[in-house]
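This report concerns only the one structure given below.
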Amino acid sequence: MILNSLRTKIVSSYGWKDRGAFSIVDVRDRSVASFNLECATYITVKIARSNHFVCVHHFNDKKLILTIQSFDAPSEVKGRISIINGQSTFEGNDEVWSLSPRFFIGYFRGQYSLIEICARNREIFIHPLEWFTLEKYDLGYEAPMDAIEIPAQDYLLISVCRRAPVLYDLSKKIVSREVFIGGHNFTFIKQNSEIWATSYDELVKSDIRTLKPILSKIFQPPLNGHSNTAIGDFSFSPDEKFCALARPFSHDILILEPESMNEVARIKSEHQPYQIVMLDNNECVYRDHQKGILEFQSFSI
């Protein structure tokens with residue numbers, strides 16, 4: 001779930017539940033509208049600048065489509081990049097695509113690749129991730145998921161499902177090293193001085209300069225005889241005073257004080273909160289882990 005910069009609308013797509021569709025939630029009147037633009041197998045969404053977002057439409061290893069839309073007119077595709085059988089087409093002006101993140105992960109011809117958008121020149125570059133091999137990874141269990149630009153650095157963080165992320169050198173197009181700072185839902189706070197992420201049952205905050213953990217805590221104890229159980233996503237209040245952490249298997253949301261990661265409040269739920277966004281006025285909106293149900297709930301301190 002992604003909240004726009006105006007903090008008025010959310011875009012959400014829950015892969016296995018929504019397939020190729022996404023929903024726009026207006027937090028002012030709590031209305032929900034769903035859209036399916038390309039009839040993909042599933043999609044992922046990434047925030048862009050100036051009240052826009054990008055949908056990555058995943059099909060098979062021969063086709064990938066990226067579209068950019070505004071939160072105010074989500075059904076209107078302002079730009080489309082199609083990559084089919086290794087050949088790319090670029091639609092939309094460079095001004096629109098300059099709002100987009102520069103890097104994405106795609107899967108083509110049996111191999112994962114880093115997709116780079118050069119909006120100024122209206123070009124697409126596909127860089128095969130040649131380091132992701134059978135010798136180093138379990139290809140049936142692990143997979144590159146996303147590419148995250150590190151502010152003011154010439155590096156990317158590439159998250160890998162069920163494995164530590166890697167630090168990718170953009171100038172040399174090589175992996176520098178694995179970094180053990182959590183692996184999912186990377187979030188920058190404190191004017192980009194800290195990066196937070198989840199690592200299965202653990203929440204980790206790290207120094208962005210050193211990429212070393214400052215503090216980590218396990219927030220989901222074993223349940224019903226299971227050795228480990230995963231936590232969900234997390235989100236910060238606009239002033240970064242609180243962090244909301246979804247725990248689907250405990251049927252609750254923990255409200256944390258970010259400096260210490262101590263719990264200051266708890267929201268109980270009949271559902272299994274997984275995707276989450278913290279809104280203004282101590283309110284959270286989440287989606288259920290199993291059914292994708294959307295709920296608004298508040299907390300008090």
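Ordering of the structure tokens sets the chain letters (A, B, ...); residue numbers start at 1 within each chain; ligands are numbered from 1 in the order shown.
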
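Using only C-alpha atoms, the contacts of Asn51 of chain A at a cut-off of 6 Å, with sequence neighbours closer than 6 positions omitted, comprise Asn4, Ser70 and Phe71 of chain A.
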
Okay, now the selection with C-alpha atoms, as a CSV table (one decimal), in the first residue's frame?
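Result file again_39.csv:
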chain,number,residue,atom,x,y,z
A,4,ASN,CA,0.4,9.8,-2.0
A,70,SER,CA,-1.7,10.0,-11.4
A,71,PHE,CA,-3.6,9.4,-8.2

message = Applying 8 Å and only C-alpha atoms, which residues near Thr44 of chain A remain after dropping the ones on its own chain fewer than 5 positions away? List them as a PyMOL selection string.
response = chain A and resi 13+15+55-57

task = Please identify which residues in segment 136-185 of chain A DSSP calls strand (DSSP E) from the backbone, and express them as a list in words.
result = Ala143, Pro144, Met145, Asp146, Ala147, Ile148, Glu149, Tyr155, Leu156, Leu157, Ile158, Ser159, Val160, Cys161, Arg163, Ala164, Pro165, Val166, Leu167, Tyr168, Asp169, Ile174, Val175, Ser176, Arg177, Glu178, His184 and Asn185 of chain A

The selected residues should be written to file as a short mmCIF file (atom, residue, chain, number, x, y, z; two decimals), in the first residue's frame (atoms: N, CA and C atoms).
data_model
loop_
_atom_site.label_atom_id
_atom_site.label_comp_id
_atom_site.auth_asym_id
_atom_site.auth_seq_id
_atom_site.Cartn_x
_atom_site.Cartn_y
_atom_site.Cartn_z
N ALA A 143 14.51 -15.11 -5.12
CA ALA A 143 14.35 -14.33 -6.35
C ALA A 143 14.54 -12.85 -6.07
N PRO A 144 15.19 -12.09 -6.98
CA PRO A 144 15.25 -10.64 -6.84
C PRO A 144 13.84 -10.05 -6.91
N MET A 145 13.57 -9.06 -6.06
CA MET A 145 12.23 -8.53 -5.95
C MET A 145 12.10 -7.06 -6.36
N ASP A 146 13.02 -6.24 -5.90
CA ASP A 146 12.89 -4.80 -6.16
C ASP A 146 14.26 -4.15 -6.12
N ALA A 147 14.36 -2.99 -6.75
CA ALA A 147 15.59 -2.19 -6.77
C ALA A 147 15.28 -0.83 -6.16
N ILE A 148 16.03 -0.46 -5.12
CA ILE A 148 15.77 0.76 -4.37
C ILE A 148 16.99 1.66 -4.44
N GLU A 149 16.81 2.87 -4.92
CA GLU A 149 17.91 3.81 -4.98
C GLU A 149 18.24 4.33 -3.57
N TYR A 155 24.61 3.73 -5.61
CA TYR A 155 24.34 2.33 -5.32
C TYR A 155 22.83 2.08 -5.29
N LEU A 156 22.47 0.84 -5.55
CA LEU A 156 21.11 0.35 -5.36
C LEU A 156 21.10 -0.71 -4.28
N LEU A 157 19.97 -0.82 -3.60
CA LEU A 157 19.69 -2.02 -2.80
C LEU A 157 18.76 -2.89 -3.63
N ILE A 158 19.16 -4.12 -3.89
CA ILE A 158 18.30 -5.06 -4.59
C ILE A 158 17.84 -6.10 -3.59
N SER A 159 16.54 -6.09 -3.31
CA SER A 159 15.99 -7.05 -2.35
C SER A 159 15.85 -8.40 -3.02
N VAL A 160 16.10 -9.45 -2.23
CA VAL A 160 16.02 -10.83 -2.72
C VAL A 160 15.12 -11.61 -1.78
N CYS A 161 14.08 -12.21 -2.34
CA CYS A 161 13.13 -12.98 -1.54
C CYS A 161 13.86 -14.09 -0.78
N ARG A 163 16.29 -13.98 1.28
CA ARG A 163 17.74 -13.84 1.32
C ARG A 163 18.08 -12.38 1.63
N ALA A 164 19.29 -12.13 2.12
CA ALA A 164 19.72 -10.77 2.40
C ALA A 164 19.79 -9.98 1.10
N PRO A 165 19.47 -8.68 1.14
CA PRO A 165 19.59 -7.86 -0.06
C PRO A 165 21.07 -7.65 -0.42
N VAL A 166 21.29 -7.21 -1.66
CA VAL A 166 22.65 -6.94 -2.10
C VAL A 166 22.82 -5.46 -2.40
N LEU A 167 24.03 -4.97 -2.22
CA LEU A 167 24.40 -3.61 -2.58
C LEU A 167 24.99 -3.65 -3.98
N TYR A 168 24.34 -2.94 -4.89
CA TYR A 168 24.69 -3.00 -6.31
C TYR A 168 25.34 -1.70 -6.74
N ASP A 169 26.56 -1.81 -7.27
CA ASP A 169 27.34 -0.66 -7.71
C ASP A 169 26.87 -0.25 -9.11
N ILE A 174 27.99 -4.12 -10.91
CA ILE A 174 28.33 -5.36 -10.21
C ILE A 174 27.78 -5.30 -8.78
N VAL A 175 27.66 -6.48 -8.17
CA VAL A 175 27.27 -6.56 -6.77
C VAL A 175 28.49 -6.28 -5.90
N SER A 176 28.34 -5.36 -4.97
CA SER A 176 29.42 -5.04 -4.04
C SER A 176 29.47 -6.04 -2.89
N ARG A 177 28.30 -6.29 -2.26
CA ARG A 177 28.25 -7.22 -1.14
C ARG A 177 26.80 -7.41 -0.70
N GLU A 178 26.59 -8.43 0.10
CA GLU A 178 25.31 -8.58 0.78
C GLU A 178 25.30 -7.64 1.98
N HIS A 184 12.92 -6.44 3.23
CA HIS A 184 11.67 -6.08 2.56
C HIS A 184 11.11 -4.77 3.12
N ASN A 185 10.30 -4.10 2.30
CA ASN A 185 9.60 -2.88 2.69
C ASN A 185 10.58 -1.79 3.13
#

task = Find, counting only C-alpha atoms, the residue in A:Val27, A:Leu6, A:Ile189, A:Leu211 that gets nearest to Val285 of chain A.
result = A:Val27

inquiry  = What's the separation between atom CA of Ile83 of chain A and atom CA of Gly110 of chain A, in Å to one decimal place?
reply    =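 So the two atoms, atom CA of Ile83 of chain A and atom CA of Gly110 of chain A, lie 14.4 Å apart.
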
ask   = Can you tell me, as a count of residues only, what residues are no more than 7 Å from segment 220-236 of chain A when counting only C-alpha atoms, ignoring any on the same chain fewer than 6 positions away?
value = 15

May I have a table of the residues of segment 194-235 of chain A lying at most 12 Å from segment 256-271 of chain A, giving each one's closest pair of atoms and their distance in Å to one decimal, counting only C-alpha atoms, ordered by chain and ascending residue number, as JSON lines?
{"residue": "A:Glu194", "atom": "CA", "partner": "A:Pro258", "partner_atom": "CA", "distance": 10.9}
{"residue": "A:Ile195", "atom": "CA", "partner": "A:Pro258", "partner_atom": "CA", "distance": 11.8}
{"residue": "A:Trp196", "atom": "CA", "partner": "A:Pro258", "partner_atom": "CA", "distance": 10.1}
{"residue": "A:Glu202", "atom": "CA", "partner": "A:Met261", "partner_atom": "CA", "distance": 11.3}
{"residue": "A:Leu203", "atom": "CA", "partner": "A:Met261", "partner_atom": "CA", "distance": 8.8}
{"residue": "A:Val204", "atom": "CA", "partner": "A:Met261", "partner_atom": "CA", "distance": 9.5}
{"residue": "A:Lys205", "atom": "CA", "partner": "A:Pro258", "partner_atom": "CA", "distance": 9.1}
{"residue": "A:Ser206", "atom": "CA", "partner": "A:Glu259", "partner_atom": "CA", "distance": 11.7}
{"residue": "A:Ile214", "atom": "CA", "partner": "A:Glu259", "partner_atom": "CA", "distance": 9.9}
{"residue": "A:Leu215", "atom": "CA", "partner": "A:Ser260", "partner_atom": "CA", "distance": 8.1}
{"residue": "A:Ser216", "atom": "CA", "partner": "A:Met261", "partner_atom": "CA", "distance": 8.3}
{"residue": "A:Lys217", "atom": "CA", "partner": "A:Met261", "partner_atom": "CA", "distance": 7.6}
{"residue": "A:Ile218", "atom": "CA", "partner": "A:Met261", "partner_atom": "CA", "distance": 10.3}
{"residue": "A:Phe219", "atom": "CA", "partner": "A:Met261", "partner_atom": "CA", "distance": 9.9}
{"residue": "A:Phe234", "atom": "CA", "partner": "A:Leu256", "partner_atom": "CA", "distance": 10.0}
{"residue": "A:Ser235", "atom": "CA", "partner": "A:Leu256", "partner_atom": "CA", "distance": 10.2}

Deliver the residues from the most recent selection as a file, using C-alpha atoms, as an mmCIF file, in the first residue's frame.
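Heads up, here's the output in part_4.cif:
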data_model
loop_
_atom_site.group_PDB
_atom_site.id
_atom_site.type_symbol
_atom_site.label_atom_id
_atom_site.label_comp_id
_atom_site.auth_asym_id
_atom_site.auth_seq_id
_atom_site.Cartn_x
_atom_site.Cartn_y
_atom_site.Cartn_z
ATOM 1 C CA GLU A 194 17.887 5.864 8.581
ATOM 2 C CA ILE A 195 16.577 2.946 6.546
ATOM 3 C CA TRP A 196 14.039 0.517 8.036
ATOM 4 C CA GLU A 202 12.105 -8.973 12.829
ATOM 5 C CA LEU A 203 12.075 -5.208 12.297
ATOM 6 C CA VAL A 204 15.463 -3.603 11.592
ATOM 7 C CA LYS A 205 16.574 0.031 11.494
ATOM 8 C CA SER A 206 19.986 0.872 10.067
ATOM 9 C CA ILE A 214 21.287 0.434 14.735
ATOM 10 C CA LEU A 215 18.577 -1.630 16.406
ATOM 11 C CA SER A 216 16.547 -4.723 15.604
ATOM 12 C CA LYS A 217 13.793 -6.547 17.441
ATOM 13 C CA ILE A 218 11.793 -9.723 16.908
ATOM 14 C CA PHE A 219 8.097 -8.839 17.036
ATOM 15 C CA PHE A 234 4.995 -1.196 8.638
ATOM 16 C CA SER A 235 4.309 2.510 8.180
#

inquiry  = Taking only C-alpha atoms into account, name the residue in A:Lys172, A:Lys212, A:Arg49, A:Lys62 that is nearest to Gln111 of chain A.
reply    =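 Using only C-alpha atoms, Gln111 of chain A sits closest to A:Lys62.
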
inquiry  = Between atom CA of Arg19 of chain A and atom CA of Asn60 of chain A, what distance in Å does the model show, to one decimal?
reply    = 13.4 Å

message = Would you compute the distance between atom CA of Phe299 of chain A and atom CA of Gln272 of chain A? Give it in Å to one decimal.
response =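 Taking atom CA of Phe299 of chain A as the start and atom CA of Gln272 of chain A as the end point, the length is 16.8 Å.
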
task = Extract, using only C-alpha atoms, all DNA, RNA and protein residues at most 12 Å from Ala119 of chain A, discarding same-chain residues fewer than 2 positions from it, and format them as a ChimeraX atom specification.
result = /A:79-81,90-103,116-117,121-125

Go ahead and save the residues from that selection, with C-alpha atoms, as an mmCIF file, in the first residue's frame.
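Generated file (part.cif):
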data_model
loop_
_atom_site.group_PDB
_atom_site.id
_atom_site.type_symbol
_atom_site.label_atom_id
_atom_site.label_comp_id
_atom_site.auth_asym_id
_atom_site.auth_seq_id
_atom_site.Cartn_x
_atom_site.Cartn_y
_atom_site.Cartn_z
ATOM 1 C CA GLY A 79 3.015 6.688 -20.211
ATOM 2 C CA ARG A 80 3.607 3.051 -21.115
ATOM 3 C CA ILE A 81 6.815 1.084 -21.492
ATOM 4 C CA PHE A 90 8.509 3.915 -25.017
ATOM 5 C CA GLU A 91 5.215 5.830 -24.878
ATOM 6 C CA GLY A 92 4.618 9.103 -23.054
ATOM 7 C CA ASN A 93 6.739 12.224 -22.875
ATOM 8 C CA ASP A 94 10.017 12.459 -21.010
ATOM 9 C CA GLU A 95 8.524 14.913 -18.497
ATOM 10 C CA VAL A 96 6.054 12.299 -17.287
ATOM 11 C CA TRP A 97 8.636 9.515 -17.073
ATOM 12 C CA SER A 98 11.044 11.809 -15.226
ATOM 13 C CA LEU A 99 8.617 11.488 -12.281
ATOM 14 C CA SER A 100 9.131 7.717 -12.172
ATOM 15 C CA PRO A 101 11.674 5.741 -10.190
ATOM 16 C CA ARG A 102 14.624 4.985 -12.409
ATOM 17 C CA PHE A 103 15.068 1.264 -11.673
ATOM 18 C CA GLU A 116 16.743 1.237 -16.178
ATOM 19 C CA ILE A 117 14.624 4.117 -17.493
ATOM 20 C CA ASN A 121 16.631 10.165 -23.940
ATOM 21 C CA ARG A 122 13.454 8.057 -23.998
ATOM 22 C CA GLU A 123 15.552 4.894 -23.656
ATOM 23 C CA ILE A 124 15.219 1.626 -21.760
ATOM 24 C CA PHE A 125 18.252 -0.389 -20.687
#

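Once Phe59 of chain A and its same-chain neighbours fewer than 3 positions away are set aside, A:Ala40, A:Thr41, A:Lys63 remain within 6 Å of it when counting only C-alpha atoms.
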
Mind writing the picked residues with C-alpha atoms as an mmCIF file, in the first residue's frame?
data_model
loop_
_atom_site.group_PDB
_atom_site.id
_atom_site.type_symbol
_atom_site.label_atom_id
_atom_site.label_comp_id
_atom_site.auth_asym_id
_atom_site.auth_seq_id
_atom_site.Cartn_x
_atom_site.Cartn_y
_atom_site.Cartn_z
ATOM 1 C CA ALA A 40 -1.533 -8.972 -16.220
ATOM 2 C CA THR A 41 -0.882 -12.073 -14.125
ATOM 3 C CA LYS A 63 6.532 -9.648 -21.581
#
